[in-house]
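> Compact mmCIF, C-alpha atoms, saved as final.txt, coming up:
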```txt
# COMPACT_ATOMS: atom_id res chain seq x y z
CA MET A 30 -18.26 16.85 -16.76
CA LEU A 31 -15.96 14.96 -14.42
CA ILE A 32 -15.32 11.28 -15.20
CA LEU A 33 -14.82 8.99 -12.21
CA ASP A 34 -15.53 5.59 -13.80
CA LEU A 35 -12.28 3.57 -13.92
CA GLU A 36 -13.24 1.75 -17.12
CA THR A 37 -13.93 5.04 -18.95
CA ILE A 38 -10.66 6.50 -17.68
CA GLY A 39 -8.84 3.39 -18.90
CA LYS A 40 -10.43 3.71 -22.34
CA ARG A 41 -9.38 7.35 -22.54
CA LEU A 42 -5.80 6.43 -21.57
CA TYR A 43 -5.82 3.69 -24.22
CA ALA A 44 -7.00 6.12 -26.91
CA ILE A 45 -4.46 8.77 -25.92
CA ARG A 46 -1.64 6.20 -25.85
CA LYS A 47 -2.58 4.84 -29.28
CA LYS A 48 -2.80 8.34 -30.75
CA ALA A 49 0.69 9.02 -29.39
CA GLY A 50 1.96 5.84 -31.02
CA LEU A 51 3.18 4.33 -27.76
CA THR A 52 3.00 0.79 -26.42
CA GLN A 53 1.74 -0.06 -22.96
CA ALA A 54 5.30 -1.07 -22.05
CA GLU A 55 6.67 2.32 -23.10
CA VAL A 56 4.12 4.24 -21.04
CA ALA A 57 4.59 1.91 -18.08
CA GLU A 58 8.36 2.36 -18.15
CA ALA A 59 8.12 6.15 -18.50
CA ALA A 60 5.66 6.28 -15.59
CA GLY A 61 7.70 3.93 -13.40
CA LEU A 62 5.03 1.21 -13.41
CA SER A 63 5.09 -2.46 -14.23
CA ASP A 64 3.65 -3.46 -17.60
CA ARG A 65 0.97 -5.46 -15.77
CA THR A 66 -0.09 -2.52 -13.59
CA TYR A 67 -0.43 -0.18 -16.54
CA ALA A 68 -2.38 -2.79 -18.52
CA ASP A 69 -4.74 -3.19 -15.54
CA ILE A 70 -5.19 0.60 -15.40
CA GLU A 71 -6.18 0.70 -19.09
CA ARG A 72 -8.63 -2.15 -18.44
CA GLY A 73 -10.16 -0.09 -15.64
CA SER A 74 -9.58 -2.75 -13.02
CA VAL A 75 -7.21 -0.75 -10.81
CA ASN A 76 -7.82 2.36 -8.76
CA MET A 77 -4.87 4.74 -9.08
CA ARG A 78 -3.23 6.98 -6.53
CA THR A 79 -2.84 10.63 -7.43
CA GLU A 80 0.93 10.18 -7.82
CA THR A 81 0.38 7.37 -10.34
CA ILE A 82 -2.08 9.46 -12.35
CA LEU A 83 0.37 12.34 -12.51
CA ARG A 84 3.23 10.07 -13.61
CA ILE A 85 1.06 8.56 -16.37
CA CYS A 86 0.03 12.04 -17.50
CA GLU A 87 3.67 13.09 -17.62
CA ALA A 88 4.58 9.98 -19.62
CA LEU A 89 1.77 10.69 -22.12
CA GLN A 90 2.44 14.45 -22.08
CA ILE A 91 -1.14 15.27 -21.14
CA THR A 92 -2.94 16.98 -18.28
CA PRO A 93 -5.20 15.13 -15.84
CA ASN A 94 -8.12 17.07 -17.35
CA GLU A 95 -7.67 15.09 -20.56
CA ILE A 96 -8.55 11.84 -18.81
CA PHE A 97 -10.94 13.08 -16.13
CA THR A 98 -13.23 15.33 -18.17
CA ASN A 99 -15.34 14.95 -21.27
CA SER A 100 -13.68 18.00 -22.78
CA THR A 101 -11.65 17.54 -25.92
CA PRO A 102 -7.96 18.53 -25.85
CA GLU A 103 -8.83 21.48 -28.10
CA GLU A 104 -11.52 22.68 -25.68
CA LEU A 105 -9.08 22.37 -22.79
CA HIS A 106 -6.44 24.34 -24.71
CA PHE A 107 -8.94 27.13 -25.43
CA GLN A 108 -9.99 27.23 -21.77
CA GLU A 109 -6.38 27.37 -20.60
CA THR A 110 -5.70 30.22 -23.04
CA PHE A 111 -8.79 32.14 -21.90
CA ASP A 112 -7.81 31.61 -18.27
CA ARG A 113 -4.35 33.02 -18.99
CA LEU A 114 -5.89 35.97 -20.83
CA ALA A 115 -8.23 36.66 -17.90
CA LYS A 116 -5.20 37.12 -15.65
CA CYS A 117 -3.76 39.81 -17.93
CA LYS A 118 -4.23 43.53 -17.47
CA THR A 119 -7.06 45.16 -19.45
CA LYS A 120 -4.68 46.78 -21.94
CA GLU A 121 -2.94 43.42 -22.56
CA GLN A 122 -6.33 41.74 -23.09
CA GLN A 123 -7.33 44.39 -25.62
CA THR A 124 -4.04 43.96 -27.49
CA ALA A 125 -4.47 40.18 -27.60
CA LEU A 126 -8.03 40.49 -28.87
CA ARG A 127 -6.95 42.96 -31.59
CA LEU A 128 -4.23 40.52 -32.69
CA ILE A 129 -6.75 37.69 -32.89
CA SER A 130 -9.14 39.89 -34.83
CA VAL A 131 -6.44 40.89 -37.35
CA TYR A 132 -5.47 37.24 -37.77
CA LEU A 133 -9.07 36.11 -38.32
CA ASP A 134 -9.64 38.94 -40.82
CA SER A 135 -6.59 37.74 -42.75
CA LEU A 136 -8.19 34.32 -43.18
CA SER A 137 -11.14 35.73 -45.13
```
Could you express the structure from this file as C-alpha cells?

Amino acid sequence: MLILDLETIGKRLYAIRKKAGLTQAEVAEAAGLSDRTYADIERGSVNMRTETILRICEALQITPNEIFTNSTPEELHFQETFDRLAKCKTKEQQTALRLISVYLDSLS
C-alpha cells in the first residue's frame, strides 16, 4: 500500500536513520540539505520534491519504496529478486529454482 501521509513518511525516515546509526545532521549533509530542513521532513511538516526524496534515499542507502510503501525491506528485496528472475530465460529460471531447492534441502 502506498503511503502519502507526510507524518508517516517522516516517522519511517526517522526509524531508518536510527537503525543506520546516523544523526539528522549526517543525513542532511549527505543529502545536501540544511539540518533544519531534514528535521522538518522527519517531523512531517515539509512536502518534499522528488529530487529531495531521491537524495535522502541515497544518503540512507534505501529505495523510495522503503519509505512510500508498507512493505518491509525484506519483502521489497524478495520482490526485486522475483522481478529479476521473471526477466530471465526459462532455462535460467529453472536453474535458479533448482539452486534454491538444493540450498533449502541442505538446511533440513
> List the spatial neighbours of segment 103-116 of chain A as a PyMOL selection string - criterion: any atom at most 9 Å away, only C-alpha atoms, same-chain residues fewer than 4 positions off excluded.
chain A and resi 94-95+121-122+125
> What separation in Å, quoted to one decimal, exists between atom CA of Phe97 of chain A and atom CA of Ile32 of chain A?
4.8 Å
> Find the spatial neighbours of Ile96 of chain A, counting all atoms listed in the file, within a cut-off of 7 Å - ignore same-chain residues fewer than 5 positions away - and output them as number ranges by chain.
A: 38, 41-42
> Go through A:Ala68, A:Ile91, A:Leu83, A:Cys117 one by one, measure the shortest atom-to-atom distance of each to Gln53 of chain A using all atoms listed in the file, and give the residue with the smallest value.
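Of A:Ala68, A:Ile91, A:Leu83, A:Cys117, the one nearest Gln53 of chain A, counting all atoms listed in the file, is A:Ala68.
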> Could you tell me how far atom CA of Leu31 of chain A sits from atom CA of Arg84 of chain A, in Å to one decimal place?
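Computed distance, atom CA of Arg84 of chain A to atom CA of Leu31 of chain A, equals 19.8 Å.
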> At a cut-off of 8 Å, using only C-alpha atoms, what residues contact Asp64 of chain A? Leave out same-chain residues fewer than 5 positions from it and give the result as a PyMOL selection string.
chain A and resi 53-54+57-58
> Between atom CA of Tyr67 of chain A and atom CA of Gly50 of chain A, what is the distance in Å, rounded to a tenth?
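These two atoms are separated by 15.9 Å.
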